[in-house]
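Colleague: model_25.tsv is reproduced in full below (TSV, C-alpha atoms).
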```tsv
chain	number	residue	atom	x	y	z
Q	1	GLN	CA	161.60	154.99	84.83
Q	2	ARG	CA	160.11	158.04	86.57
Q	3	ARG	CA	156.57	159.19	85.96
Q	4	VAL	CA	156.16	162.92	85.30
Q	5	HIS	CA	153.39	164.60	87.32
Q	6	GLY	CA	152.25	168.14	86.68
Q	7	GLY	CA	152.43	170.99	89.17
Q	8	SER	CA	155.75	170.08	90.78
Q	9	GLU	CA	158.15	171.13	88.02
Q	10	ALA	CA	158.78	167.44	87.53
Q	11	LEU	CA	160.70	167.83	84.28
Q	12	LEU	CA	163.08	170.26	85.98
Q	13	GLN	CA	163.64	167.76	88.80
Q	14	ILE	CA	164.46	164.94	86.39
Q	15	ALA	CA	166.75	166.98	84.13
Q	16	ALA	CA	168.60	168.70	86.99
Q	17	ASP	CA	169.08	165.36	88.78
Q	18	VAL	CA	170.67	163.92	85.63
Q	19	GLU	CA	173.03	166.87	85.15
Q	20	GLY	CA	173.61	167.59	88.83
Q	21	HIS	CA	172.50	171.24	88.66
Q	22	PRO	CA	169.81	173.38	86.98
Q	23	ASP	CA	172.18	175.88	85.37
Q	24	ASN	CA	171.51	174.72	81.81
Q	25	VAL	CA	168.16	172.95	81.93
Q	26	ALA	CA	166.28	175.75	83.74
Q	27	PRO	CA	167.00	178.42	81.09
Q	28	ALA	CA	166.37	175.87	78.34
Q	29	MET	CA	162.98	174.99	79.80
Q	30	TYR	CA	161.78	178.35	81.10
Q	31	GLY	CA	163.85	180.89	79.15
Q	32	GLY	CA	165.55	184.02	80.42
Q	33	ILE	CA	168.26	184.20	83.09
Q	34	GLN	CA	167.71	181.64	85.83
Q	35	VAL	CA	169.21	180.99	89.25
Q	36	GLY	CA	168.57	177.75	91.10
Q	37	ILE	CA	169.23	175.83	94.30
Q	38	HIS	CA	168.56	172.42	95.81
Q	39	ASP	CA	166.92	172.55	99.24
Q	40	GLY	CA	167.76	168.95	100.09
Q	41	LYS	CA	164.55	167.62	98.60
Q	42	ARG	CA	163.97	169.33	95.25
Q	43	TRP	CA	165.34	171.85	92.78
Q	44	THR	CA	163.94	175.38	92.79
Q	45	THR	CA	164.67	178.10	90.24
Q	46	GLU	CA	163.74	181.74	89.81
Q	47	ARG	CA	164.01	184.05	86.81
Q	48	VAL	CA	166.25	187.10	87.05
Q	49	PRO	CA	164.98	190.05	84.96
Q	50	THR	CA	166.86	190.43	81.68
Q	51	PRO	CA	167.99	194.06	81.18
Q	52	PRO	CA	166.67	195.64	77.97
Q	53	GLY	CA	169.21	195.52	75.15
Q	54	LEU	CA	171.50	192.95	76.75
Q	55	GLN	CA	173.77	191.34	74.15
Q	56	CYS	CA	175.97	188.27	74.52
Q	57	LEU	CA	179.20	187.75	72.61
Q	58	ILE	CA	180.48	184.20	72.85
Q	59	PHE	CA	183.98	183.31	71.73
Q	60	VAL	CA	183.99	179.63	70.75
Q	61	PRO	CA	187.50	178.23	70.18
Q	62	ASP	CA	188.22	175.58	67.60
Q	63	PHE	CA	189.07	172.93	70.20
Q	64	PRO	CA	186.81	171.03	72.62
Q	65	LEU	CA	187.24	170.59	76.36
Q	66	GLU	CA	185.67	167.69	78.21
Q	67	THR	CA	183.47	168.97	81.02
Q	68	THR	CA	184.64	166.17	83.31
Q	69	LYS	CA	188.25	167.25	82.82
Q	70	SER	CA	187.40	170.89	83.46
Q	71	ARG	CA	185.44	170.00	86.60
Q	72	GLY	CA	188.36	167.97	87.88
Q	73	LEU	CA	190.56	171.07	87.93
Q	74	VAL	CA	188.41	172.86	90.50
Q	75	PRO	CA	189.59	172.25	94.10
Q	76	GLN	CA	187.24	170.57	96.58
Q	77	THR	CA	188.04	173.09	99.31
Q	78	ILE	CA	188.37	176.88	99.10
Q	79	SER	CA	189.45	179.65	101.43
Q	80	GLN	CA	186.92	181.70	103.36
Q	81	LYS	CA	188.28	184.82	101.68
Q	82	ASP	CA	187.61	183.46	98.18
Q	83	ALA	CA	184.15	182.25	99.19
Q	84	VAL	CA	183.21	185.68	100.51
Q	85	HIS	CA	184.66	187.27	97.34
Q	86	ASN	CA	182.40	185.23	95.07
Q	87	ILE	CA	179.26	185.26	97.21
Q	88	ALA	CA	179.32	189.06	97.38
Q	89	ARG	CA	179.75	189.30	93.63
Q	90	VAL	CA	176.90	186.90	92.91
Q	91	ALA	CA	174.58	189.04	95.03
Q	92	MET	CA	175.78	192.19	93.28
Q	93	MET	CA	175.41	190.59	89.83
Q	94	VAL	CA	171.78	189.64	90.41
Q	95	THR	CA	171.09	193.15	91.69
Q	96	CYS	CA	172.74	194.70	88.61
Q	97	LEU	CA	170.74	192.52	86.23
Q	98	ALA	CA	167.49	193.18	88.07
Q	99	SER	CA	168.08	196.96	88.13
Q	100	GLY	CA	169.57	197.19	84.64
Q	101	ASN	CA	172.79	198.70	86.00
Q	102	LEU	CA	175.02	196.92	83.50
Q	103	LYS	CA	178.03	199.15	84.04
Q	104	GLN	CA	178.59	197.55	87.46
Q	105	LEU	CA	178.81	194.03	86.01
Q	106	ARG	CA	182.55	194.27	85.37
Q	107	ASP	CA	183.58	193.65	88.97
Q	108	THR	CA	180.82	191.10	89.64
Q	109	MET	CA	182.29	188.72	87.05
Q	110	ASP	CA	185.71	188.64	88.74
Q	111	ASP	CA	185.90	184.99	89.83
Q	112	ARG	CA	188.22	183.18	92.23
Q	113	LEU	CA	186.59	179.75	92.51
Q	114	HIS	CA	187.04	178.17	89.09
Q	115	GLN	CA	188.50	180.44	86.40
Q	116	PRO	CA	192.07	180.57	87.78
Q	117	TYR	CA	192.23	176.77	87.84
Q	118	ARG	CA	190.60	176.16	84.47
Q	119	ALA	CA	192.83	178.77	82.84
Q	120	THR	CA	195.62	176.18	83.05
Q	121	VAL	CA	193.99	174.26	80.18
Q	122	ILE	CA	192.35	177.23	78.44
Q	123	PRO	CA	195.32	179.23	77.12
Q	124	HIS	CA	193.25	182.06	75.68
Q	125	LEU	CA	191.06	182.72	78.73
Q	126	ASN	CA	192.82	185.57	80.53
Q	127	ALA	CA	193.88	187.35	77.33
Q	128	VAL	CA	190.36	187.24	75.86
Q	129	ILE	CA	188.81	188.48	79.11
Q	130	GLU	CA	191.22	191.41	79.29
Q	131	ALA	CA	190.70	192.26	75.62
Q	132	GLY	CA	186.92	192.21	75.91
Q	133	LEU	CA	186.95	194.50	78.93
Q	134	ALA	CA	189.43	196.88	77.32
Q	135	ALA	CA	187.18	197.12	74.25
Q	136	GLY	CA	184.18	198.14	76.33
Q	137	ALA	CA	182.35	194.97	77.42
Q	138	TYR	CA	180.39	195.30	80.65
Q	139	GLY	CA	181.80	191.99	81.84
Q	140	VAL	CA	183.64	188.96	80.50
Q	141	CYS	CA	183.94	185.47	81.96
Q	142	LEU	CA	184.45	181.81	81.19
Q	143	SER	CA	181.23	180.30	79.88
Q	144	GLY	CA	180.42	177.41	82.20
Q	145	ALA	CA	183.26	174.92	82.31
Q	146	GLY	CA	184.71	176.37	79.10
Q	147	PRO	CA	186.45	176.65	76.77
Q	148	SER	CA	184.08	179.32	75.40
Q	149	VAL	CA	184.25	182.87	76.79
Q	150	LEU	CA	181.20	185.08	77.32
Q	151	ALA	CA	181.16	188.88	77.06
Q	152	LEU	CA	178.16	191.08	77.90
Q	153	THR	CA	177.36	194.36	76.21
Q	154	SER	CA	174.33	196.28	74.93
Q	155	GLY	CA	173.26	198.72	72.27
Q	156	ALA	CA	170.89	201.66	72.01
Q	157	LYS	CA	168.09	199.43	70.73
Q	158	GLY	CA	169.31	196.04	71.87
Q	159	ASP	CA	168.93	194.32	68.49
Q	160	VAL	CA	171.94	194.38	66.18
Q	161	PHE	CA	169.69	194.48	63.12
Q	162	VAL	CA	168.00	197.77	64.00
Q	163	GLN	CA	170.98	199.73	65.26
Q	164	HIS	CA	173.44	201.93	63.46
Q	165	GLN	CA	177.00	200.71	63.96
Q	166	LYS	CA	177.97	203.79	65.98
Q	167	GLU	CA	175.24	202.92	68.52
Q	168	ARG	CA	176.87	199.62	69.47
Q	169	ASN	CA	180.30	198.18	70.14
Q	170	ASP	CA	179.80	194.47	69.59
Q	171	LEU	CA	182.08	194.35	66.53
Q	172	GLU	CA	184.88	196.18	68.30
Q	173	ILE	CA	184.65	193.84	71.28
Q	174	ALA	CA	184.45	190.77	69.04
Q	175	ASN	CA	187.50	191.75	67.00
Q	176	SER	CA	189.49	192.50	70.15
Q	177	MET	CA	188.62	189.10	71.62
Q	178	LEU	CA	189.49	187.30	68.38
Q	179	THR	CA	192.82	189.11	68.12
Q	180	ALA	CA	193.71	188.25	71.72
Q	181	ALA	CA	192.82	184.61	71.16
Q	182	LEU	CA	194.98	184.42	68.04
Q	183	ALA	CA	197.87	185.95	69.95
Q	184	SER	CA	197.44	183.09	72.42
Q	185	GLY	CA	197.62	180.57	69.57
Q	186	VAL	CA	193.88	179.84	69.51
Q	187	LYS	CA	191.51	180.24	66.56
Q	188	GLY	CA	187.75	180.51	66.93
Q	189	ARG	CA	184.56	182.37	66.12
Q	190	ILE	CA	182.41	184.97	67.87
Q	191	PHE	CA	178.65	184.48	68.07
Q	192	VAL	CA	176.56	187.58	68.85
Q	193	THR	CA	173.21	186.76	70.44
Q	194	HIS	CA	170.96	187.60	73.40
Q	195	PRO	CA	169.15	185.70	76.17
Q	196	ALA	CA	166.02	183.95	74.92
Q	197	GLU	CA	162.97	185.04	76.89
Q	198	ARG	CA	161.07	181.88	75.99
Q	199	GLY	CA	162.28	178.40	76.79
Q	200	ALA	CA	161.08	175.08	75.41
Q	201	GLN	CA	157.82	175.33	73.50
Q	202	ILE	CA	155.14	172.80	72.54
Q	203	LEU	CA	154.53	173.19	68.82
Q	204	SER	CA	151.69	170.71	68.52
Q	205	GLY	CA	149.66	168.38	70.70
Q	206	ASP	CA	147.76	165.17	70.11
Q	207	PRO	CA	145.24	165.16	71.65
Q	208	SER	CA	144.84	168.92	71.40
Q	209	PHE	CA	145.37	171.18	74.42
Q	210	SER	CA	142.53	173.38	73.15
Q	211	CYS	CA	138.98	172.63	74.19
Q	212	GLY	CA	135.89	174.19	72.64
Q	213	SER	CA	136.06	177.96	72.95
Q	214	VAL	CA	139.35	177.83	74.87
Q	215	VAL	CA	142.17	177.88	72.34
Q	216	HIS	CA	145.81	177.49	73.34
Q	217	TYR	CA	148.40	179.41	71.33
Q	218	GLY	CA	151.83	178.00	70.60
Q	219	GLY	CA	154.98	178.69	68.63
Q	220	GLY	CA	156.18	181.88	66.99
Q	221	THR	CA	153.19	182.08	64.63
Q	222	TRP	CA	149.53	181.54	65.36
Q	223	LYS	CA	148.90	177.85	65.74
Q	224	GLU	CA	146.27	176.08	67.77
Q	225	LEU	CA	147.62	173.44	70.15
```
Step by step, read the file and then write its structure as structure tokens.

Modeller:
Amino acid sequence: QRRVHGGSEALLQIAADVEGHPDNVAPAMYGGIQVGIHDGKRWTTERVPTPPGLQCLIFVPDFPLETTKSRGLVPQTISQKDAVHNIARVAMMVTCLASGNLKQLRDTMDDRLHQPYRATVIPHLNAVIEAGLAAGAYGVCLSGAGPSVLALTSGAKGDVFVQHQKERNDLEIANSMLTAALASGVKGRIFVTHPAERGAQILSGDPSFSCGSVVHYGGGTWKEL
């Protein structure tokens, strides 16, 4: 059993050690878009600015895929050419997100290190990616190890509930992705969402975090912690 000490991002260290990377636990804990590395001693993550209005369309097929099986498809060695291809696109992707230049995301999500290999067990992958791009998505890629597929887009206001339909193209992209998946023999659903700016939250504390005239706020509505 490991004791959690404050000030060293101890929870991140424990969770990332268990999973082997911070890709999921860092956004879940801190919110937003996160990038992370291991320096040989500890995990470190940084938030990448989320462009205003960024929307995420996630095609979730009606069949599961074991992560261990998907990981096993990725080769242990890669060519220098493919490594350079992906490294350059990662740098460009972070720059596009930080600057809000979403129209350049299309090429940054062109992967050579895992998607071609995982596509062998994800029959809808290539067709759904092509359909999403053709319908106007900024970029489309496999979500993690799959089998879900992620498409990025945006609207004039960013929130689907305050925009007129002509100001956004999420429905057109979603229908195109669903149609392509069905043509590949795969049924599923599209979820339209956006990156959460806040991660895990403490809703209550016992003993209280507040002390005298210093009151800690927590949750989506006013509540003293």

Colleague: Nearest residue to Met177 of chain Q out of Q:Ala83, Q:Arg89, Q:Val60, Q:Ile122, using all atoms listed in the file?

Modeller: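 When distances to Met177 of chain Q are compared using all atoms listed in the file, the smallest one comes from Q:Val60.
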
Colleague: For atom CA of Val35 of chain Q and atom CA of Ala16 of chain Q, determine how far apart the two atoms are, in Å to one decimal place.

Modeller: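 Atom-to-atom, atom CA of Val35 of chain Q to atom CA of Ala16 of chain Q, that is 12.5 Å.
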
Colleague: For Gly53 of chain Q, which residue out of Q:Gly188, Q:Pro123, Q:Gly199, Q:Gly100 is the nearest one, using only C-alpha atoms?

Modeller: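 Answer, going by the shortest atom-to-atom distance: Q:Gly100.
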
Colleague: Within 7 Å of (165.1, 187.1, 80.0), only C-alpha atoms: residues as a list in words?

Modeller: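 The residues near that point, listed by chain and number, are Gly31, Gly32, Ile33, Pro49, Thr50, Pro195, Ala196 and Glu197 of chain Q.
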
Colleague: Rounded to one decimal, what separation in Å do you get between atom CA of Phe191 of chain Q and atom CA of Ala91 of chain Q?

Modeller: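 Interatomic distance, atom CA of Phe191 of chain Q to atom CA of Ala91 of chain Q: 27.6 Å.
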
Colleague: Please report the interatomic distance between atom CA of Ser70 of chain Q and atom CA of Tyr30 of chain Q in Å with one decimal.

Modeller: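 Taking atom CA of Ser70 of chain Q and atom CA of Tyr30 of chain Q, their separation equals 26.8 Å.
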
Colleague: Excluding same-chain residues fewer than 5 positions from Gly36 of chain Q, what lies within 9 Å of it counting all atoms listed in the file, as a ChimeraX atom specification?

Modeller: /Q:21-23,26,43-47

Colleague: So which residues touch Gln76 of chain Q within 12 Å, counting all atoms listed in the file, skipping near sequence neighbours fewer than 3 positions away, as a list in words?

Modeller: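 Within the cut-off, the hits are Arg71, Gly72, Leu73, Ser79, Leu113, His114 and Tyr117 of chain Q.
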
Colleague: For the residues in that selection, give me C-alpha atoms as a PDB file, in the coordinates of the input.

Modeller:
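Saved result, out16.pdb, follows:
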```pdb
ATOM      1  CA  ARG Q  71     185.440 170.000  86.600  1.00  0.00           C
ATOM      2  CA  GLY Q  72     188.360 167.970  87.880  1.00  0.00           C
ATOM      3  CA  LEU Q  73     190.560 171.070  87.930  1.00  0.00           C
ATOM      4  CA  SER Q  79     189.450 179.650 101.430  1.00  0.00           C
ATOM      5  CA  LEU Q 113     186.590 179.750  92.510  1.00  0.00           C
ATOM      6  CA  HIS Q 114     187.040 178.170  89.090  1.00  0.00           C
ATOM      7  CA  TYR Q 117     192.230 176.770  87.840  1.00  0.00           C
TER       8      TYR Q 117
END
```

Colleague: Given the choices Q:Val214, Q:Ala134, Q:Val121, Q:Leu171, which gets closest to Thr67 of chain Q if the distance is worked out from only C-alpha atoms?

Modeller: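 Of Q:Val214, Q:Ala134, Q:Val121, Q:Leu171, the one nearest Thr67 of chain Q, counting only C-alpha atoms, is Q:Val121.
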
Colleague: For Ser184 of chain Q, please output as a compact mmCIF listing (two decimals) with C-alpha atoms, keeping the file's coordinate frame all residues within 12 Å (counting only C-alpha atoms; exclusion window: fewer than 2 positions along the same chain).

Modeller:
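Written file, selection.txt:
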```
# COMPACT_ATOMS: atom_id res chain seq x y z
CA PRO Q 61 187.50 178.23 70.18
CA ILE Q 122 192.35 177.23 78.44
CA PRO Q 123 195.32 179.23 77.12
CA HIS Q 124 193.25 182.06 75.68
CA LEU Q 125 191.06 182.72 78.73
CA ASN Q 126 192.82 185.57 80.53
CA ALA Q 127 193.88 187.35 77.33
CA VAL Q 128 190.36 187.24 75.86
CA ALA Q 131 190.70 192.26 75.62
CA MET Q 177 188.62 189.10 71.62
CA LEU Q 178 189.49 187.30 68.38
CA THR Q 179 192.82 189.11 68.12
CA ALA Q 180 193.71 188.25 71.72
CA ALA Q 181 192.82 184.61 71.16
CA LEU Q 182 194.98 184.42 68.04
CA VAL Q 186 193.88 179.84 69.51
CA LYS Q 187 191.51 180.24 66.56
CA GLY Q 188 187.75 180.51 66.93
```

Colleague: With only C-alpha atoms as the counted atoms, please give the residues lying no more than 9 Å from Gly132 of chain Q, apart from itself and same-chain residues fewer than 4 positions off, as a ChimeraX atom specification.

Modeller: /Q:127-128,136-140,151,172-177,180

Colleague: When you look at Pro51 of chain Q with a cut-off of 12 Å (counting only C-alpha atoms), what residues show up, excluding the ones that are within fewer than 6 positions of it in the same chain? I need them as a list in words.

Modeller: Gly32, Ile33, Met93, Val94, Thr95, Cys96, Leu97, Ala98, Ser99, Gly100, Asn101, Leu102, Lys103, Leu105, Leu152, Thr153, Ser154, Gly155, Lys157, Gly158, His194, Pro195 and Glu197 of chain Q

Colleague: I'd like to know which of Q:Cys56, Q:Ala200, Q:Glu130, Q:Phe63 is closest to Leu12 of chain Q, using all atoms listed in the file.

Modeller: Q:Ala200

Colleague: Choose the residue, out of Q:Ile58, Q:Glu9, Q:Gly185, Q:Pro207, that has the smallest atom-to-atom separation from Leu142 of chain Q; count all atoms listed in the file.

Modeller: Q:Ile58
